[in-house]
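Colleague: My structure is stored as data23.cif, with mmCIF, C-alpha atoms.
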```
data_start
#
loop_
_atom_site.label_atom_id
_atom_site.label_comp_id
_atom_site.auth_asym_id
_atom_site.auth_seq_id
_atom_site.Cartn_x
_atom_site.Cartn_y
_atom_site.Cartn_z
CA MET U 1 9.36 -84.07 63.98
CA ASN U 2 10.72 -87.57 64.44
CA ILE U 3 14.43 -88.10 63.86
CA LEU U 4 16.04 -91.53 63.67
CA ARG U 5 19.62 -91.86 64.86
CA ILE U 6 21.68 -94.97 65.37
CA VAL U 7 24.90 -94.67 67.40
CA PRO U 8 27.29 -97.31 68.78
CA TRP U 9 26.77 -98.79 72.22
CA VAL U 10 28.65 -96.63 74.72
CA ALA U 11 29.45 -97.97 78.18
CA LEU U 12 29.05 -96.03 81.41
CA VAL U 13 32.22 -94.40 82.76
CA LEU U 14 32.15 -94.00 86.52
CA ALA U 15 33.25 -91.21 88.85
CA CYS U 16 33.90 -88.62 86.17
CA GLY U 17 30.42 -87.53 85.14
CA ALA U 18 30.71 -89.13 81.69
CA SER U 19 27.63 -89.44 79.54
CA PRO U 20 26.61 -92.64 77.74
CA SER U 21 26.53 -90.54 74.56
CA ASP U 22 29.86 -88.70 75.01
CA GLU U 23 31.49 -90.58 72.13
CA ALA U 24 28.66 -90.17 69.64
CA SER U 25 28.29 -87.51 67.00
CA SER U 26 25.24 -85.47 66.02
CA THR U 27 23.97 -84.21 62.67
CA ASP U 28 20.72 -82.44 63.48
CA ASP U 29 18.82 -81.17 60.48
CA ASP U 30 17.45 -77.65 61.02
CA ALA U 31 14.27 -78.74 59.26
CA ALA U 32 13.69 -81.19 62.12
CA LEU U 33 12.96 -78.37 64.56
CA SER U 34 9.28 -78.14 63.59
CA LYS U 35 6.58 -80.69 64.28
CA ASN U 36 4.92 -82.70 61.57
CA SER U 37 1.49 -84.28 61.42
CA ASN U 38 2.78 -87.61 62.73
CA ALA U 39 4.20 -86.19 65.98
CA TYR U 40 2.66 -85.79 69.39
CA LEU U 41 1.08 -82.33 69.60
CA GLY U 42 2.49 -81.23 72.94
CA PRO U 43 5.63 -81.26 75.08
CA TYR U 44 6.89 -84.68 76.14
CA LYS U 45 6.76 -83.94 79.88
CA SER U 46 7.54 -86.82 82.27
CA PRO U 47 6.61 -89.57 79.81
CA SER U 48 5.17 -92.90 80.92
CA ILE U 49 4.87 -95.47 78.12
CA VAL U 50 3.09 -98.83 78.11
CA ARG U 51 2.96 -101.17 75.10
CA ASP U 52 -0.26 -103.08 74.42
CA GLY U 53 0.25 -105.27 71.36
CA GLY U 54 1.27 -102.98 68.50
CA THR U 55 0.10 -99.84 70.29
CA TYR U 56 2.21 -97.71 72.64
CA HIS U 57 0.23 -95.71 75.19
CA ALA U 58 1.99 -92.53 76.31
CA TYR U 59 1.00 -90.38 79.29
CA PHE U 60 2.41 -86.97 80.17
CA ALA U 61 2.24 -84.39 82.95
CA MET U 62 -0.46 -81.70 82.96
CA THR U 63 -0.32 -79.64 79.77
CA THR U 64 -2.31 -76.92 77.98
CA LEU U 65 -2.59 -77.74 74.28
CA THR U 66 -4.14 -76.04 71.27
CA PHE U 67 -5.35 -78.13 68.33
CA ASP U 68 -8.47 -78.45 66.21
CA GLY U 69 -9.08 -74.77 66.90
CA LYS U 70 -9.45 -75.28 70.67
CA THR U 71 -7.23 -74.66 73.68
CA ARG U 72 -7.68 -76.99 76.61
CA THR U 73 -5.77 -78.10 79.70
CA PHE U 74 -5.31 -81.84 80.20
CA ASN U 75 -4.68 -83.22 83.67
CA VAL U 76 -2.95 -86.23 82.10
CA PRO U 77 -2.64 -86.00 78.31
CA HIS U 78 -2.66 -89.40 76.63
CA ALA U 79 -1.78 -90.31 73.06
CA THR U 80 -0.70 -93.46 71.27
CA PHE U 81 1.99 -94.18 68.71
CA ASP U 82 3.01 -97.20 66.66
CA ASP U 83 6.28 -98.78 65.56
CA LYS U 84 6.49 -96.24 62.73
CA ASP U 85 6.29 -93.45 65.35
CA LYS U 86 2.97 -92.16 64.07
CA TRP U 87 1.05 -90.45 66.89
CA THR U 88 -2.66 -89.95 67.54
CA LYS U 89 -4.12 -86.70 68.83
CA PRO U 90 -4.11 -86.32 72.63
CA ASN U 91 -7.10 -87.10 74.79
CA GLU U 92 -7.76 -86.54 78.51
CA ALA U 93 -6.85 -89.68 80.47
CA LEU U 94 -7.88 -88.30 83.89
CA PRO U 95 -10.90 -85.96 83.66
CA LYS U 96 -11.24 -85.50 87.42
CA LEU U 97 -8.78 -85.65 90.29
CA GLY U 98 -9.41 -87.84 93.31
CA LYS U 99 -10.61 -87.10 96.81
CA GLY U 100 -8.34 -84.80 98.76
CA ALA U 101 -6.52 -83.41 95.70
CA ALA U 102 -6.67 -79.70 94.93
CA PRO U 103 -9.14 -79.83 92.02
CA HIS U 104 -7.34 -77.25 89.89
CA GLY U 105 -3.80 -77.91 91.09
CA VAL U 106 -0.89 -79.33 89.14
CA VAL U 107 -0.72 -82.96 88.06
CA TRP U 108 2.79 -84.37 87.73
CA ALA U 109 4.58 -87.50 86.61
CA PRO U 110 1.86 -90.04 85.74
CA ALA U 111 2.65 -93.76 85.68
CA ALA U 112 0.38 -96.34 84.05
CA ALA U 113 0.25 -100.12 83.87
CA GLN U 114 -2.03 -102.82 82.49
CA PHE U 115 -2.90 -105.26 85.28
CA GLY U 116 -5.33 -107.35 83.26
CA PRO U 117 -7.23 -107.51 79.94
CA ASN U 118 -9.74 -104.87 81.09
CA HIS U 119 -7.94 -103.39 84.06
CA TRP U 120 -5.52 -100.48 83.85
CA MET U 121 -4.20 -98.33 86.68
CA LEU U 122 -2.86 -94.79 86.60
CA TYR U 123 -0.79 -93.30 89.44
CA TYR U 124 -0.33 -89.54 89.53
CA THR U 125 1.05 -86.75 91.69
CA ALA U 126 -1.24 -83.91 92.77
CA THR U 127 -1.35 -81.22 95.44
CA LEU U 128 -3.04 -82.06 98.73
CA ALA U 129 -5.94 -79.63 99.17
CA ASP U 130 -5.58 -77.03 101.92
CA HIS U 131 -1.97 -78.03 102.64
CA GLY U 132 0.02 -75.48 100.67
CA GLU U 133 2.25 -77.12 98.07
CA LYS U 134 2.34 -80.60 99.66
CA LYS U 135 2.41 -83.36 97.02
CA CYS U 136 1.03 -86.90 97.35
CA ILE U 137 0.31 -89.86 95.05
CA TRP U 138 -3.22 -90.84 93.99
CA ARG U 139 -4.43 -93.69 91.75
CA ALA U 140 -7.25 -94.25 89.27
CA HIS U 141 -8.59 -97.19 87.26
CA ALA U 142 -9.89 -97.74 83.73
CA THR U 143 -10.88 -100.56 81.40
CA SER U 144 -8.44 -99.52 78.66
CA GLY U 145 -5.22 -97.61 78.25
CA GLU U 146 -7.05 -94.66 76.72
CA GLY U 147 -9.11 -94.15 79.85
CA PRO U 148 -10.92 -92.27 81.07
CA PHE U 149 -9.33 -93.24 84.38
CA VAL U 150 -11.58 -92.83 87.40
CA ASP U 151 -10.29 -92.08 90.89
CA ASP U 152 -13.13 -93.10 93.20
CA TYR U 153 -10.86 -94.10 96.08
CA ASP U 154 -10.96 -92.57 99.54
CA GLY U 155 -7.97 -90.29 99.12
CA PRO U 156 -4.31 -90.62 98.10
CA LEU U 157 -2.45 -93.92 98.12
CA VAL U 158 0.79 -92.38 99.48
CA CYS U 159 0.86 -89.21 101.57
CA PRO U 160 3.70 -88.83 104.12
CA PRO U 161 3.10 -87.14 107.48
CA ASP U 162 3.43 -83.42 108.18
CA SER U 163 4.88 -81.39 105.30
CA LEU U 164 6.84 -84.22 103.65
CA TRP U 165 6.14 -85.04 100.01
CA ALA U 166 5.65 -88.23 97.98
CA LEU U 167 5.60 -87.96 94.19
CA ASP U 168 6.83 -89.33 90.86
CA ALA U 169 5.23 -92.77 90.89
CA TYR U 170 6.69 -95.58 88.79
CA VAL U 171 4.95 -98.94 88.45
CA LEU U 172 6.42 -102.26 87.31
CA GLU U 173 6.05 -106.04 87.58
CA ASP U 174 8.96 -108.06 88.95
CA MET U 175 10.17 -111.48 87.77
CA HIS U 176 7.77 -113.25 90.15
CA GLY U 177 4.62 -111.51 88.90
CA ARG U 178 4.49 -109.10 91.85
CA TRP U 179 3.50 -105.51 91.15
CA VAL U 180 5.69 -102.79 92.65
CA LEU U 181 5.21 -99.04 93.05
CA GLY U 182 8.31 -96.84 93.08
CA MET U 183 8.34 -93.20 94.14
CA ARG U 184 10.29 -90.25 95.48
CA TYR U 185 9.64 -90.18 99.21
CA ASP U 186 11.07 -87.24 101.17
CA VAL U 187 12.48 -87.68 104.66
CA GLY U 188 13.23 -84.06 105.62
CA ASN U 189 16.37 -81.88 105.83
CA GLY U 190 16.49 -81.70 102.05
CA ILE U 191 16.97 -85.46 101.65
CA ASN U 192 15.01 -87.42 99.06
CA THR U 193 14.80 -91.20 98.84
CA ILE U 194 13.69 -93.50 96.04
CA ARG U 195 11.47 -96.14 97.63
CA ILE U 196 9.38 -99.07 96.50
CA ARG U 197 6.47 -100.97 97.98
CA GLN U 198 4.61 -104.05 96.78
CA LEU U 199 1.10 -103.53 95.41
CA ASN U 200 -1.70 -106.04 95.54
CA GLY U 201 -2.56 -108.02 92.42
CA SER U 202 -4.96 -105.38 91.11
CA GLY U 203 -2.75 -102.39 91.90
CA THR U 204 -5.51 -100.69 93.87
CA HIS U 205 -3.85 -100.93 97.30
CA PHE U 206 -0.58 -102.05 98.80
CA GLU U 207 -0.09 -105.73 99.48
CA PRO U 208 -1.16 -106.52 103.08
CA GLY U 209 1.88 -106.77 105.31
CA SER U 210 4.14 -104.94 102.85
CA ASP U 211 6.33 -102.00 103.79
CA TYR U 212 8.42 -99.36 102.07
CA MET U 213 11.94 -100.32 100.98
CA GLU U 214 14.56 -97.69 100.24
CA LEU U 215 16.59 -98.17 97.06
CA THR U 216 18.78 -95.07 97.19
CA GLN U 217 18.93 -91.49 98.48
CA ASN U 218 20.89 -88.30 98.11
CA HIS U 219 22.99 -86.56 100.76
CA GLN U 220 23.87 -83.00 101.63
CA GLY U 221 26.62 -81.90 99.28
CA SER U 222 26.20 -84.77 96.81
CA TRP U 223 25.91 -84.07 93.09
CA ASP U 224 22.31 -85.33 93.11
CA GLN U 225 21.04 -82.42 95.20
CA HIS U 226 18.94 -80.30 95.32
CA VAL U 227 16.46 -83.09 94.56
CA MET U 228 16.54 -86.75 93.62
CA GLU U 229 13.30 -87.70 91.87
CA ASN U 230 11.56 -89.15 88.79
CA ALA U 231 13.17 -92.58 88.92
CA GLY U 232 12.60 -95.48 86.55
CA ILE U 233 13.29 -99.06 87.64
CA VAL U 234 14.26 -101.83 85.23
CA ARG U 235 15.82 -105.30 85.13
CA LEU U 236 18.78 -105.69 82.76
CA ALA U 237 20.72 -108.86 81.99
CA PRO U 238 24.29 -108.99 80.60
CA PRO U 239 24.96 -110.62 77.22
CA ASN U 240 27.12 -113.39 78.74
CA GLY U 241 24.09 -115.04 80.35
CA ASP U 242 24.86 -114.10 83.95
CA PRO U 243 21.84 -113.28 86.15
CA GLY U 244 20.09 -109.98 85.54
CA HIS U 245 20.13 -107.14 88.04
CA TRP U 246 17.58 -104.50 88.92
CA PHE U 247 18.66 -100.90 88.35
CA VAL U 248 17.16 -97.61 89.43
CA PHE U 249 17.77 -94.72 87.04
CA TYR U 250 16.97 -91.53 88.92
CA SER U 251 16.74 -87.86 87.92
CA ALA U 252 18.50 -85.19 89.96
CA ARG U 253 19.33 -81.48 90.26
CA HIS U 254 16.98 -78.91 88.65
CA TRP U 255 14.39 -80.17 86.15
CA ASP U 256 13.92 -76.70 84.62
CA ASP U 257 17.48 -76.10 83.44
CA ASP U 258 20.39 -77.89 81.83
CA SER U 259 21.70 -79.24 85.14
CA TYR U 260 19.04 -81.99 85.21
CA ALA U 261 20.77 -85.35 84.86
CA ILE U 262 20.38 -89.09 85.42
CA GLY U 263 22.20 -91.25 87.96
CA VAL U 264 22.13 -95.03 88.39
CA ALA U 265 22.14 -97.50 91.27
CA ASP U 266 22.50 -101.31 91.03
CA CYS U 267 19.98 -103.13 93.23
CA GLY U 268 21.19 -106.67 92.56
CA PRO U 269 19.22 -109.71 91.38
CA THR U 270 16.18 -109.26 93.66
CA LEU U 271 14.10 -106.10 93.81
CA LEU U 272 11.82 -106.82 96.79
CA ASP U 273 14.70 -107.71 99.09
CA SER U 274 13.94 -106.65 102.68
CA SER U 275 17.46 -107.62 103.80
CA ARG U 276 19.15 -105.13 101.47
CA GLN U 277 20.15 -101.88 103.12
CA SER U 278 20.48 -99.86 99.93
CA CYS U 279 21.34 -100.30 96.28
CA LYS U 280 24.92 -99.64 95.16
CA LYS U 281 25.26 -96.23 93.55
CA LEU U 282 27.18 -96.54 90.30
CA THR U 283 27.35 -92.76 90.00
CA PRO U 284 28.50 -91.43 93.39
CA GLU U 285 30.60 -88.60 91.96
CA GLY U 286 28.59 -87.48 88.96
CA PRO U 287 25.71 -88.36 86.63
CA TRP U 288 25.51 -91.16 84.10
CA MET U 289 23.70 -89.03 81.53
CA HIS U 290 23.95 -85.25 81.51
CA SER U 291 23.76 -82.27 79.17
CA ASN U 292 26.09 -82.55 76.19
CA GLU U 293 26.07 -79.67 73.72
CA ASN U 294 27.75 -81.75 71.01
CA GLU U 295 24.83 -84.16 71.21
CA HIS U 296 22.20 -81.42 71.47
CA LEU U 297 21.27 -83.08 74.77
CA PHE U 298 20.02 -80.66 77.42
CA GLY U 299 18.64 -81.50 80.85
CA PRO U 300 17.86 -85.24 80.46
CA GLY U 301 15.58 -86.87 83.03
CA THR U 302 12.37 -88.79 83.90
CA PRO U 303 13.29 -92.19 82.38
CA THR U 304 10.54 -94.67 81.52
CA PHE U 305 11.27 -98.26 80.41
CA TYR U 306 9.31 -100.56 78.12
CA MET U 307 9.73 -103.28 75.48
CA ASP U 308 9.11 -102.88 71.78
CA GLY U 309 7.42 -105.51 69.64
CA ALA U 310 10.76 -107.12 68.77
CA GLY U 311 11.67 -107.62 72.42
CA ASN U 312 14.16 -104.75 72.66
CA LYS U 313 14.25 -102.88 75.97
CA LEU U 314 13.84 -99.13 75.48
CA MET U 315 14.29 -96.09 77.68
CA SER U 316 12.53 -92.83 76.82
CA ILE U 317 13.44 -89.61 78.59
CA GLN U 318 12.46 -85.97 78.47
CA ALA U 319 15.05 -83.34 77.56
CA TRP U 320 15.05 -79.72 76.48
CA ARG U 321 14.80 -78.97 72.79
CA PHE U 322 17.26 -76.10 73.21
CA SER U 323 19.71 -75.28 75.96
CA GLY U 324 17.59 -74.32 78.97
CA GLY U 325 14.51 -74.70 76.82
CA VAL U 326 15.18 -71.36 75.13
CA ALA U 327 15.19 -71.09 71.34
CA PRO U 328 18.30 -69.41 69.88
CA ASN U 329 18.23 -65.60 70.12
CA SER U 330 15.08 -65.69 72.28
CA PRO U 331 15.37 -63.49 75.38
CA HIS U 332 12.28 -64.70 77.27
CA LEU U 333 12.34 -68.18 78.76
CA ALA U 334 8.62 -68.62 79.41
CA GLU U 335 7.57 -67.34 76.00
CA ASN U 336 10.12 -69.21 73.93
CA ARG U 337 10.22 -72.75 75.18
CA LYS U 338 8.28 -73.57 72.03
CA GLN U 339 6.99 -77.09 72.61
CA GLY U 340 9.11 -77.49 75.74
CA GLN U 341 10.51 -80.96 76.33
CA ILE U 342 11.36 -83.33 73.53
CA MET U 343 11.60 -87.12 73.98
CA ARG U 344 14.75 -89.11 73.32
CA THR U 345 14.49 -92.90 73.10
CA TYR U 346 17.42 -95.27 73.65
CA SER U 347 18.02 -98.99 73.50
CA ILE U 348 19.18 -99.86 77.01
CA GLY U 349 21.33 -102.70 78.29
CA ILE U 350 24.33 -103.58 80.46
CA SER U 351 27.81 -104.89 79.80
CA ASN U 352 29.10 -108.16 81.24
CA ASP U 353 30.42 -106.25 84.26
CA TYR U 354 26.95 -104.78 84.92
CA GLN U 355 27.60 -101.26 83.63
CA PRO U 356 24.58 -99.62 81.94
CA ARG U 357 24.92 -98.55 78.34
CA ALA U 358 22.60 -96.79 75.94
CA LYS U 359 22.15 -96.42 72.18
CA LEU U 360 20.16 -93.50 70.84
CA GLU U 361 17.38 -94.70 68.56
CA ARG U 362 14.97 -91.81 68.04
CA ILE U 363 14.22 -88.21 68.93
CA ASP U 364 10.62 -86.97 69.02
CA MET U 365 10.01 -83.23 68.99
#
```
Would it be possible to restate this file's structure as structure tokens?

Modeller:
Amino acid sequence: MNILRIVPWVALVLACGASPSDEASSTDDDAALSKNSNAYLGPYKSPSIVRDGGTYHAYFAMTTLTFDGKTRTFNVPHATFDDKDKWTKPNEALPKLGKGAAPHGVVWAPAAAQFGPNHWMLYYTATLADHGEKKCIWRAHATSGEGPFVDDYDGPLVCPPDSLWALDAYVLEDMHGRWVLGMRYDVGNGINTIRIRQLNGSGTHFEPGSDYMELTQNHQGSWDQHVMENAGIVRLAPPNGDPGHWFVFYSARHWDDDSYAIGVADCGPTLLDSSRQSCKKLTPEGPWMHSNENEHLFGPGTPTFYMDGAGNKLMSIQAWRFSGGVAPNSPHLAENRKQGQIMRTYSIGISNDYQPRAKLERIDM
């Protein structure tokens, strides 16, 4: 079901774990807890959304879905929606995993982008074959947003040495027309970094001579343990006309319970800045967006940013439909997550003092 909510802009409050929706109120209708024919047919897991004209292409993590009398598992389910939030049925965007990926392993956190009129790229996380649970990032190409995307490359694009992981790709274009790939890149000892690296003009390889740049990381004992991951990167400009800054909105803690939350770091006016040591964490003591029972907000994370047809900048996230994903009075977690994650969409901006703020626009479930 699709619910429309409009709430006032709420500014970020630092160092106290305040949510951007703490001041808002909620009036959920019980009838909105079942899907209708206009909704996406599966859970909104790790959404990646790209607008192409009046069509919004949405990609999700691996999911098993039942519709039209059939049950099938999609490596990367894809569906489209329009400005009226009417969804198409899912199709398989990535029929076959690339070289070196465990062929029947998990597929996480896809990220898509349109590099040209007939050139789309999809970046996805899979398990490296014969290496236990090690995760790396692969890429695939297609002529349209619907796919099918084909990975005919000679192995993963990003795969750290030894047992370290790389995952949760995020792709964007900066203000100078340069394509950038963001990711979680582990460095060992339980520390995760959010890094970026410039892609070439077609997104198929990294730009020659480029290197990884670290935007932010967690630390032992920080609130954003046990993992920092699933980051979205976006440029936001204040209403007073001052220069825009790049921000990284990262997910942290445990994705599978209500502790999942979103933190923010300010990277300044230039994203590909090799002289910058690290972005400034705006949330060193606690998350920017976290579970809020009054708002029926549980375990928010995996932000993706895009523009609507009117030029508004939007942020969509996944969250649990119920606390911990469990329907009321249901004793079994795995059996009662219903459709799992819902998707909450916000207008996103910053105040004149560069503090992120969000306005809830829509809930898809």

Colleague: Quick one: of U:Arg321, U:His57, U:Arg357, U:Lys281, who's nearest to Gln114 of chain U, counting all atoms listed in the file?

Modeller: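 Of all the options, U:His57 lies closest to Gln114 of chain U.
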
Colleague: I'd like the interatomic distance between atom CA of Trp246 of chain U and atom CA of Tyr185 of chain U, to a tenth of an Å.

Modeller: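 Pair atom CA of Trp246 of chain U / atom CA of Tyr185 of chain U returns 19.3 Å.
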
Colleague: Which of these residues is nearest to Ile363 of chain U, using only C-alpha atoms: U:Asp152, U:Met62, U:Asp85, U:Gly132?

Modeller: U:Asp85

Colleague: Could you tell me how far atom CA of Glu207 of chain U lies from atom CA of Ser274 of chain U, in Å and to one decimal?

Modeller: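 Here the two named atoms are 14.4 Å from each other.
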
Colleague: Using the chain letters and numbering of this document, enumerate as a list in words the residues selected by the PyMOL selection byres ((chain U and resi 50) around 9).

Modeller: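 Evaluating the PyMOL selection byres ((chain U and resi 50) around 9) on this file yields Ser48, Ile49, Arg51, Asp52, Thr55, Tyr56, His57, Ala58, Tyr59, Ala112, Ala113, Gln114, Gly145, Phe305, Tyr306 and Met307 of chain U.
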